[in-house]
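So this block is coords.cif, mmCIF, C-alpha atoms:
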```
data_upload
#
loop_
_atom_site.label_atom_id
_atom_site.label_comp_id
_atom_site.auth_asym_id
_atom_site.auth_seq_id
_atom_site.Cartn_x
_atom_site.Cartn_y
_atom_site.Cartn_z
CA GLN A 1 -22.07 -15.04 1.46
CA GLY A 2 -24.27 -17.22 -0.72
CA GLN A 3 -26.76 -14.42 -1.26
CA ALA A 4 -23.99 -11.95 -2.12
CA ASP A 5 -22.54 -14.40 -4.64
CA ALA A 6 -25.96 -14.91 -6.20
CA LEU A 7 -26.41 -11.18 -6.71
CA PHE A 8 -22.91 -9.99 -7.57
CA LYS A 9 -21.43 -13.07 -9.26
CA ASP A 10 -24.43 -14.68 -10.94
CA GLY A 11 -26.85 -11.73 -11.32
CA VAL A 12 -29.81 -13.69 -9.94
CA ASP A 13 -32.35 -13.09 -7.19
CA PRO A 14 -30.78 -14.43 -3.95
CA VAL A 15 -34.14 -15.89 -2.86
CA THR A 16 -35.86 -17.15 -6.03
CA GLU A 17 -32.67 -17.60 -8.11
CA ARG A 18 -34.44 -16.00 -11.07
CA PRO A 19 -32.17 -13.98 -13.39
CA LEU A 20 -32.33 -10.25 -12.80
CA GLY A 21 -32.40 -9.27 -16.45
CA ARG A 22 -29.53 -10.29 -18.68
CA VAL A 23 -26.80 -12.49 -17.21
CA TRP A 24 -23.34 -11.01 -16.89
CA PRO A 25 -21.39 -11.28 -20.16
CA ARG A 26 -18.30 -13.47 -19.99
CA TYR A 27 -15.18 -12.13 -21.69
CA PRO A 28 -12.12 -14.21 -22.64
CA THR A 29 -9.29 -14.29 -20.12
CA VAL A 30 -5.80 -13.11 -21.03
CA ASP A 31 -4.66 -16.71 -21.64
CA GLU A 32 -7.72 -17.53 -23.74
CA HIS A 33 -7.29 -14.43 -25.87
CA LEU A 34 -3.57 -15.09 -26.31
CA ALA A 35 -4.26 -18.67 -27.41
CA THR A 36 -6.64 -17.37 -30.08
CA LEU A 37 -4.10 -14.82 -31.31
CA LEU A 38 -1.24 -17.36 -31.44
CA ALA A 39 -3.44 -19.88 -33.24
CA ALA A 40 -4.08 -17.27 -35.96
CA GLU A 41 -0.32 -16.68 -36.34
CA PRO A 42 1.38 -20.02 -35.57
CA ASN A 43 4.64 -19.03 -37.26
CA ALA A 44 5.11 -15.72 -35.45
CA SER A 45 8.69 -15.02 -34.34
CA PRO A 46 9.49 -14.05 -30.71
CA ALA A 47 9.10 -10.28 -31.27
CA PRO A 48 5.59 -10.51 -32.81
CA GLN A 49 4.64 -13.05 -30.14
CA GLU A 50 5.51 -10.49 -27.46
CA GLN A 51 3.32 -7.94 -29.25
CA LEU A 52 0.48 -10.47 -29.27
CA ARG A 53 0.96 -11.05 -25.53
CA GLU A 54 0.73 -7.31 -24.89
CA GLN A 55 -2.43 -7.15 -26.99
CA ALA A 56 -3.90 -10.07 -25.05
CA ARG A 57 -3.09 -8.38 -21.73
CA LYS A 58 -4.92 -5.24 -22.81
CA VAL A 59 -8.00 -6.95 -24.24
CA GLY A 60 -8.15 -9.93 -21.90
CA SER A 61 -8.38 -7.85 -18.73
CA ARG A 62 -11.96 -6.81 -19.54
CA THR A 63 -14.61 -8.02 -17.08
CA ALA A 64 -18.31 -7.40 -16.55
CA ARG A 65 -19.09 -4.80 -13.90
CA SER A 66 -21.50 -6.28 -11.37
CA GLY A 67 -21.35 -3.42 -8.88
CA TRP A 68 -19.43 -0.62 -7.20
CA GLU A 69 -17.84 -0.51 -3.76
CA MET A 70 -18.12 2.53 -1.51
CA VAL A 71 -16.41 3.05 1.85
CA PHE A 72 -17.86 5.29 4.57
CA SER A 73 -15.45 6.09 7.39
CA PRO A 74 -15.70 8.66 10.18
CA VAL A 75 -12.56 10.49 11.26
CA LYS A 76 -10.03 8.74 13.49
CA SER A 77 -11.10 10.63 16.64
CA PHE A 78 -14.57 9.05 16.27
CA ALA A 79 -12.94 5.61 16.10
CA VAL A 80 -10.86 6.40 19.21
CA LEU A 81 -13.97 7.48 21.12
CA TRP A 82 -15.77 4.33 19.97
CA GLY A 83 -12.85 2.05 20.84
CA THR A 84 -12.42 3.44 24.35
CA ALA A 85 -16.11 3.82 25.30
CA ASP A 86 -18.24 1.57 27.47
CA ASP A 87 -20.85 -0.64 25.78
CA ALA A 88 -23.76 1.78 26.25
CA THR A 89 -21.83 4.77 24.88
CA ARG A 90 -20.46 2.66 22.05
CA ALA A 91 -23.99 1.74 21.00
CA ARG A 92 -24.94 5.45 20.93
CA LEU A 93 -21.88 6.24 18.80
CA GLU A 94 -22.76 3.45 16.39
CA GLU A 95 -26.28 4.80 16.02
CA VAL A 96 -24.89 8.28 15.24
CA GLU A 97 -22.87 6.80 12.39
CA ARG A 98 -25.71 4.60 11.15
CA GLU A 99 -28.11 7.52 11.04
CA ALA A 100 -25.54 9.53 9.05
CA PHE A 101 -25.16 6.64 6.62
CA ARG A 102 -28.93 6.19 6.24
CA THR A 103 -29.30 9.89 5.40
CA VAL A 104 -26.54 9.78 2.79
CA PHE A 105 -27.70 6.50 1.25
CA ALA A 106 -31.24 7.87 0.94
CA ARG A 107 -29.83 10.77 -1.07
CA LEU A 108 -27.81 8.33 -3.17
CA GLU A 109 -31.01 6.47 -4.05
CA ARG A 110 -32.87 9.68 -4.87
CA GLU A 111 -30.19 11.13 -7.12
CA ALA A 112 -28.20 8.19 -8.51
CA CYS A 113 -30.76 5.44 -9.12
CA TRP A 114 -31.03 5.77 -12.89
CA THR A 115 -30.69 3.43 -15.83
CA ARG A 116 -30.82 3.89 -19.59
CA SER A 117 -33.12 2.51 -22.26
CA GLY A 118 -33.86 2.90 -25.95
CA PRO A 119 -31.47 2.87 -28.94
CA GLY A 120 -27.97 3.63 -27.66
CA GLY A 121 -29.33 4.17 -24.16
CA VAL A 122 -30.55 7.67 -25.00
CA VAL A 123 -33.50 7.57 -22.59
CA GLN A 124 -32.90 8.10 -18.86
CA VAL A 125 -35.21 5.90 -16.77
CA ARG A 126 -35.72 6.18 -13.01
CA GLY A 127 -35.00 3.01 -11.03
CA GLU A 128 -37.15 1.88 -8.12
CA GLY A 129 -34.24 1.69 -5.71
CA LEU A 130 -30.69 0.46 -5.24
CA ILE A 131 -29.68 -3.02 -4.12
CA ALA A 132 -26.69 -2.94 -1.79
CA ALA A 133 -24.84 -5.11 0.72
CA GLY A 134 -23.26 -3.40 3.72
CA PHE A 135 -20.51 -4.59 6.04
CA GLU A 136 -19.51 -2.83 9.25
CA HIS A 137 -15.83 -3.05 10.25
CA ARG A 138 -14.44 -2.10 13.62
CA SER A 139 -10.66 -2.10 13.13
CA SER A 140 -8.04 -1.38 10.51
CA ARG A 141 -5.73 -3.98 9.02
CA SER A 142 -3.11 -2.76 11.51
CA GLY A 143 -5.41 -3.54 14.45
CA ASP A 144 -6.19 0.09 15.31
CA PRO A 145 -9.79 1.04 16.22
CA ASP A 146 -11.32 2.09 12.91
CA TRP A 147 -15.12 2.02 12.69
CA HIS A 148 -16.09 2.08 9.00
CA ARG A 149 -18.41 0.39 6.56
CA HIS A 150 -18.06 -1.08 3.09
CA VAL A 151 -21.09 -0.88 0.81
CA ALA A 152 -21.33 -2.88 -2.42
CA VAL A 153 -23.93 -1.36 -4.76
CA SER A 154 -25.36 -3.74 -7.35
CA ALA A 155 -25.37 -2.81 -11.03
CA LYS A 156 -28.89 -4.26 -11.28
CA VAL A 157 -31.78 -1.75 -11.22
CA ARG A 158 -35.50 -2.48 -11.65
CA THR A 159 -37.70 0.02 -13.47
CA ALA A 160 -41.35 0.79 -12.73
CA ASP A 161 -42.47 -1.55 -15.54
CA GLY A 162 -40.58 -4.50 -14.01
CA ARG A 163 -37.51 -4.60 -16.25
CA TRP A 164 -34.07 -5.24 -14.78
CA LEU A 165 -31.48 -3.01 -16.42
CA ALA A 166 -27.95 -1.79 -15.68
CA LEU A 167 -27.32 1.08 -13.29
CA ASP A 168 -26.12 4.22 -15.05
CA ALA A 169 -23.14 4.82 -12.79
CA ARG A 170 -22.32 8.27 -14.13
CA HIS A 171 -24.64 9.77 -11.50
CA LEU A 172 -22.96 7.75 -8.74
CA HIS A 173 -19.49 8.94 -9.75
CA ARG A 174 -20.72 12.52 -9.95
CA LEU A 175 -21.93 12.37 -6.34
CA VAL A 176 -18.96 10.66 -4.68
CA VAL A 177 -17.20 13.78 -3.39
CA SER A 178 -20.34 15.54 -2.18
CA LEU A 179 -21.64 12.35 -0.53
CA SER A 180 -18.37 12.02 1.37
CA ALA A 181 -18.61 15.62 2.58
CA GLN A 182 -22.25 15.16 3.56
CA TYR A 183 -21.49 11.95 5.45
CA THR A 184 -18.79 13.73 7.47
CA ALA A 185 -21.17 16.62 8.19
CA GLU A 186 -23.97 14.25 9.23
CA VAL A 187 -21.67 12.44 11.66
CA GLU A 188 -20.65 15.80 13.12
CA ARG A 189 -24.31 16.81 13.42
CA GLY A 190 -25.14 13.58 15.21
CA MET A 191 -22.21 13.87 17.58
CA TYR A 192 -23.30 17.36 18.63
CA GLU A 193 -26.96 16.42 19.02
CA GLU A 194 -26.22 13.21 20.94
CA PHE A 195 -23.15 14.20 22.98
CA GLY A 196 -22.66 17.96 22.57
CA VAL A 197 -19.26 17.30 20.97
CA LEU A 198 -17.91 19.63 18.27
CA ALA A 199 -15.25 19.10 15.59
CA ALA A 200 -12.52 21.45 14.35
CA PRO A 201 -9.90 21.34 11.58
CA ARG A 202 -6.67 19.53 12.40
CA THR A 203 -3.92 22.13 12.06
CA ASP A 204 -1.50 19.73 10.33
CA THR A 205 -4.02 19.10 7.52
CA ILE A 206 -4.76 22.74 6.58
CA ARG A 207 -3.64 23.31 2.99
CA PRO A 208 -4.81 25.84 0.38
CA ASP A 209 -5.57 23.10 -2.17
CA LYS A 210 -7.25 20.55 0.09
CA ARG A 211 -10.15 20.42 2.54
CA PRO A 212 -8.76 19.92 6.08
CA VAL A 213 -9.55 16.93 8.24
CA ARG A 214 -11.90 17.83 11.08
CA GLU A 215 -11.40 15.87 14.31
CA PHE A 216 -13.66 15.87 17.36
CA LEU A 217 -12.54 18.14 20.17
CA GLY A 218 -11.41 16.43 23.34
CA VAL A 219 -9.35 13.72 21.61
CA PRO A 220 -5.67 14.80 21.71
CA GLY A 221 -3.74 14.74 18.47
CA THR A 222 -1.13 12.49 20.08
CA VAL A 223 -3.83 9.88 20.71
CA VAL A 224 -5.15 10.15 17.14
CA ARG A 225 -1.64 9.64 15.79
CA ALA A 226 -0.96 6.74 18.16
CA PHE A 227 -3.97 4.87 16.73
CA SER A 228 -3.09 5.65 13.10
CA ALA A 229 -0.33 3.12 12.45
CA ARG A 230 -1.27 2.44 8.84
CA ARG A 231 -1.68 6.14 8.04
CA ALA A 232 1.76 6.87 9.43
CA LEU A 233 3.30 4.10 7.31
CA THR A 234 1.43 5.35 4.24
CA GLU A 235 2.73 8.89 4.79
CA ARG A 236 6.31 7.63 5.14
CA ASN A 237 5.97 5.65 1.92
CA LEU A 238 4.48 8.67 0.14
CA HIS A 239 7.33 10.96 1.25
CA ALA A 240 9.82 8.43 -0.15
CA LEU A 241 7.92 8.16 -3.45
CA LEU A 242 7.69 11.95 -3.77
CA ALA A 243 11.43 12.32 -3.18
CA GLU A 244 12.14 9.63 -5.77
CA PHE A 245 9.83 11.34 -8.27
CA ARG A 246 11.57 14.71 -7.82
CA GLU A 247 14.99 13.09 -8.23
CA VAL A 248 13.99 11.26 -11.43
CA HIS A 249 11.94 14.01 -13.09
CA GLY A 250 13.55 17.14 -11.68
CA ARG A 251 10.20 18.64 -10.67
CA ALA A 252 7.33 18.20 -8.26
CA PRO A 253 4.49 15.88 -9.35
CA SER A 254 1.20 17.26 -10.61
CA ARG A 255 -1.94 16.73 -8.53
CA ALA A 256 -2.89 13.74 -10.68
CA GLU A 257 0.59 12.25 -10.37
CA GLU A 258 0.64 12.87 -6.61
CA TYR A 259 -2.74 11.10 -6.32
CA GLU A 260 -1.30 8.05 -8.14
CA LEU A 261 1.73 8.07 -5.85
CA ALA A 262 -0.58 8.25 -2.81
CA GLN A 263 -2.48 5.21 -4.11
CA ARG A 264 0.79 3.31 -4.48
CA ALA A 265 1.86 4.33 -0.99
CA ALA A 266 -1.43 3.14 0.50
CA LEU A 267 -1.21 -0.24 -1.25
CA THR A 268 2.38 -0.68 -0.12
CA ALA A 269 1.32 0.02 3.47
CA ARG A 270 -1.64 -2.34 3.28
CA PRO A 271 -1.05 -5.36 5.53
CA ASP A 272 -2.77 -8.68 4.95
CA LYS A 273 -6.04 -9.34 6.74
#
```
For the file at hand, write its structure as structure tokens.
Amino acid sequence: QGQADALFKDGVDPVTERPLGRVWPRYPTVDEHLATLLAAEPNASPAPQEQLREQARKVGSRTARSGWEMVFSPVKSFAVLWGTADDATRARLEEVEREAFRTVFARLEREACWTRSGPGGVVQVRGEGLIAAGFEHRSSRSGDPDWHRHVAVSAKVRTADGRWLALDARHLHRLVVSLSAQYTAEVERGMYEEFGVLAAPRTDTIRPDKRPVREFLGVPGTVVRAFSARRALTERNLHALLAEFREVHGRAPSRAEEYELAQRAALTARPDK
């Protein structure tokens, strides 16, 4: 934890404690910004004060970006196989997933490790590699088997001439969808090579506007659903939010609006750790 704090909170080398380039800028908090605004207008009436509070909330929420979090998660049938396997088989399953992750992360380093230099950051400069911290998790917040990993990618990148600069995250964002698809494909490849197990689309996820979920054959859908307590709660919450939206607006939500509703549904269904 200390090393992660050194890198992501303080922007220093976890071993030598030397600064990795510029320290993170510190921006005023909402309360600090509001105090400054009120001090400049001490005689403001209640209505202008509320406007100042709104302005402080907008400006004061700014923070320095020290990194980006990515989550890599195989499909639920993989987690069921992992959770019900003996120790030897479980180790083989874990290695399948780790090899898939290593392949995808290597691509991430090749294609997304860039920074910018020069006036206005007009020059693209290749970084020497990404700094990341990975954490393997074995269950969901609901207690279901759910093998997945969280990866925190540092915003610090070193160039060939030894400078520490900020990661140009535009390349990372551009790759997110294709990296997710590749990760899923690599896990499927590993499962076939190691166990001879194939995956197929789940019939209840086939939609013309969305890529279907592919589960591994041999794991019944009833079992997948039984170990998907949080997903089931999220789907119930989403159905309720969609019905409420249609009642209020008299129409179905757009794809962007449905995505926001899905995010709300997931947060509502998120139990404490």
Within 12 Å of A:Ala181, counting only C-alpha atoms, which residues qualify if same-chain residues fewer than 3 places away don't, as a list of chain:residue names? A:Phe72, A:Ser73, A:Pro74, A:Val75, A:Ala100, A:Phe101, A:Val104, A:Leu175, A:Val176, A:Val177, A:Ser178, A:Thr184, A:Ala185, A:Glu186, A:Val187, A:Glu188, A:Arg211, A:Pro212, A:Val213, A:Arg214
Show me the residues around (-21.3, 13.1, 15.9) - criterion: an atom at most 10 Å away, only C-alpha atoms counted - as JSON, numbers by chain. {"A": [74, 78, 92, 93, 94, 95, 96, 97, 100, 184, 185, 186, 187, 188, 189, 190, 191, 192, 193, 194, 195, 196, 197, 198, 199, 216]}
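You can rank A:Asp10, A:Leu241, A:Glu17, A:Ala47 by their closest distance to A:Glu257 using all atoms listed in the file, and at the top of that list sits A:Leu241.
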List every protein, DNA or RNA residue that has an atom no more than 12 Å from (-0.5, -7.7, -23.4) in the file's coordinate frame, counting all atoms listed in the file, and report them as a ChimeraX atom specification. /A:29-31,33-34,37,48-61
Let's have the selection written as a compact mmCIF listing (two decimals), in the coordinates of the input, with C-alpha atoms.
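The resulting file, part-v4.txt, is reproduced below:
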```txt
# COMPACT_ATOMS: atom_id res chain seq x y z
CA THR A 29 -9.29 -14.29 -20.12
CA VAL A 30 -5.80 -13.11 -21.03
CA ASP A 31 -4.66 -16.71 -21.64
CA HIS A 33 -7.29 -14.43 -25.87
CA LEU A 34 -3.57 -15.09 -26.31
CA LEU A 37 -4.10 -14.82 -31.31
CA PRO A 48 5.59 -10.51 -32.81
CA GLN A 49 4.64 -13.05 -30.14
CA GLU A 50 5.51 -10.49 -27.46
CA GLN A 51 3.32 -7.94 -29.25
CA LEU A 52 0.48 -10.47 -29.27
CA ARG A 53 0.96 -11.05 -25.53
CA GLU A 54 0.73 -7.31 -24.89
CA GLN A 55 -2.43 -7.15 -26.99
CA ALA A 56 -3.90 -10.07 -25.05
CA ARG A 57 -3.09 -8.38 -21.73
CA LYS A 58 -4.92 -5.24 -22.81
CA VAL A 59 -8.00 -6.95 -24.24
CA GLY A 60 -8.15 -9.93 -21.90
CA SER A 61 -8.38 -7.85 -18.73
```
Proximity of stretch 163-221 of chain A to stretch 128-134 of chain A: per-residue shortest pair, 12 Å limit, all atoms listed in the file, as CSV:
```
residue,atom,partner,partner_atom,distance
A:Arg163,CA,A:Glu128,CA,10.4
A:Trp164,CA,A:Glu128,CA,10.2
A:Leu165,CA,A:Glu128,CA,11.2
A:Ala166,CA,A:Leu130,CA,11.0
A:Leu167,CA,A:Leu130,CA,8.7
A:Asp168,CA,A:Leu130,CA,11.5
A:Ala169,CA,A:Leu130,CA,11.5
A:Leu172,CA,A:Leu130,CA,11.2
```
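Counting from atom CA of A:Ser117, the distance to atom CA of A:Asp5 is 26.6 Å.
Picked out by the PyMOL selection byres ((chain A and resi 1) around 12) when it runs on this file: A:Gly2, A:Gln3, A:Ala4, A:Asp5, A:Ala6, A:Leu7, A:Phe8, A:Lys9, A:Pro14, A:Ala133, A:Gly134, A:Phe135.
The shortest atom-to-atom distance to A:Asp13, with only C-alpha atoms taken into account, belongs to A:Ser154 out of A:Thr63, A:Thr36, A:Thr115, A:Ser154.
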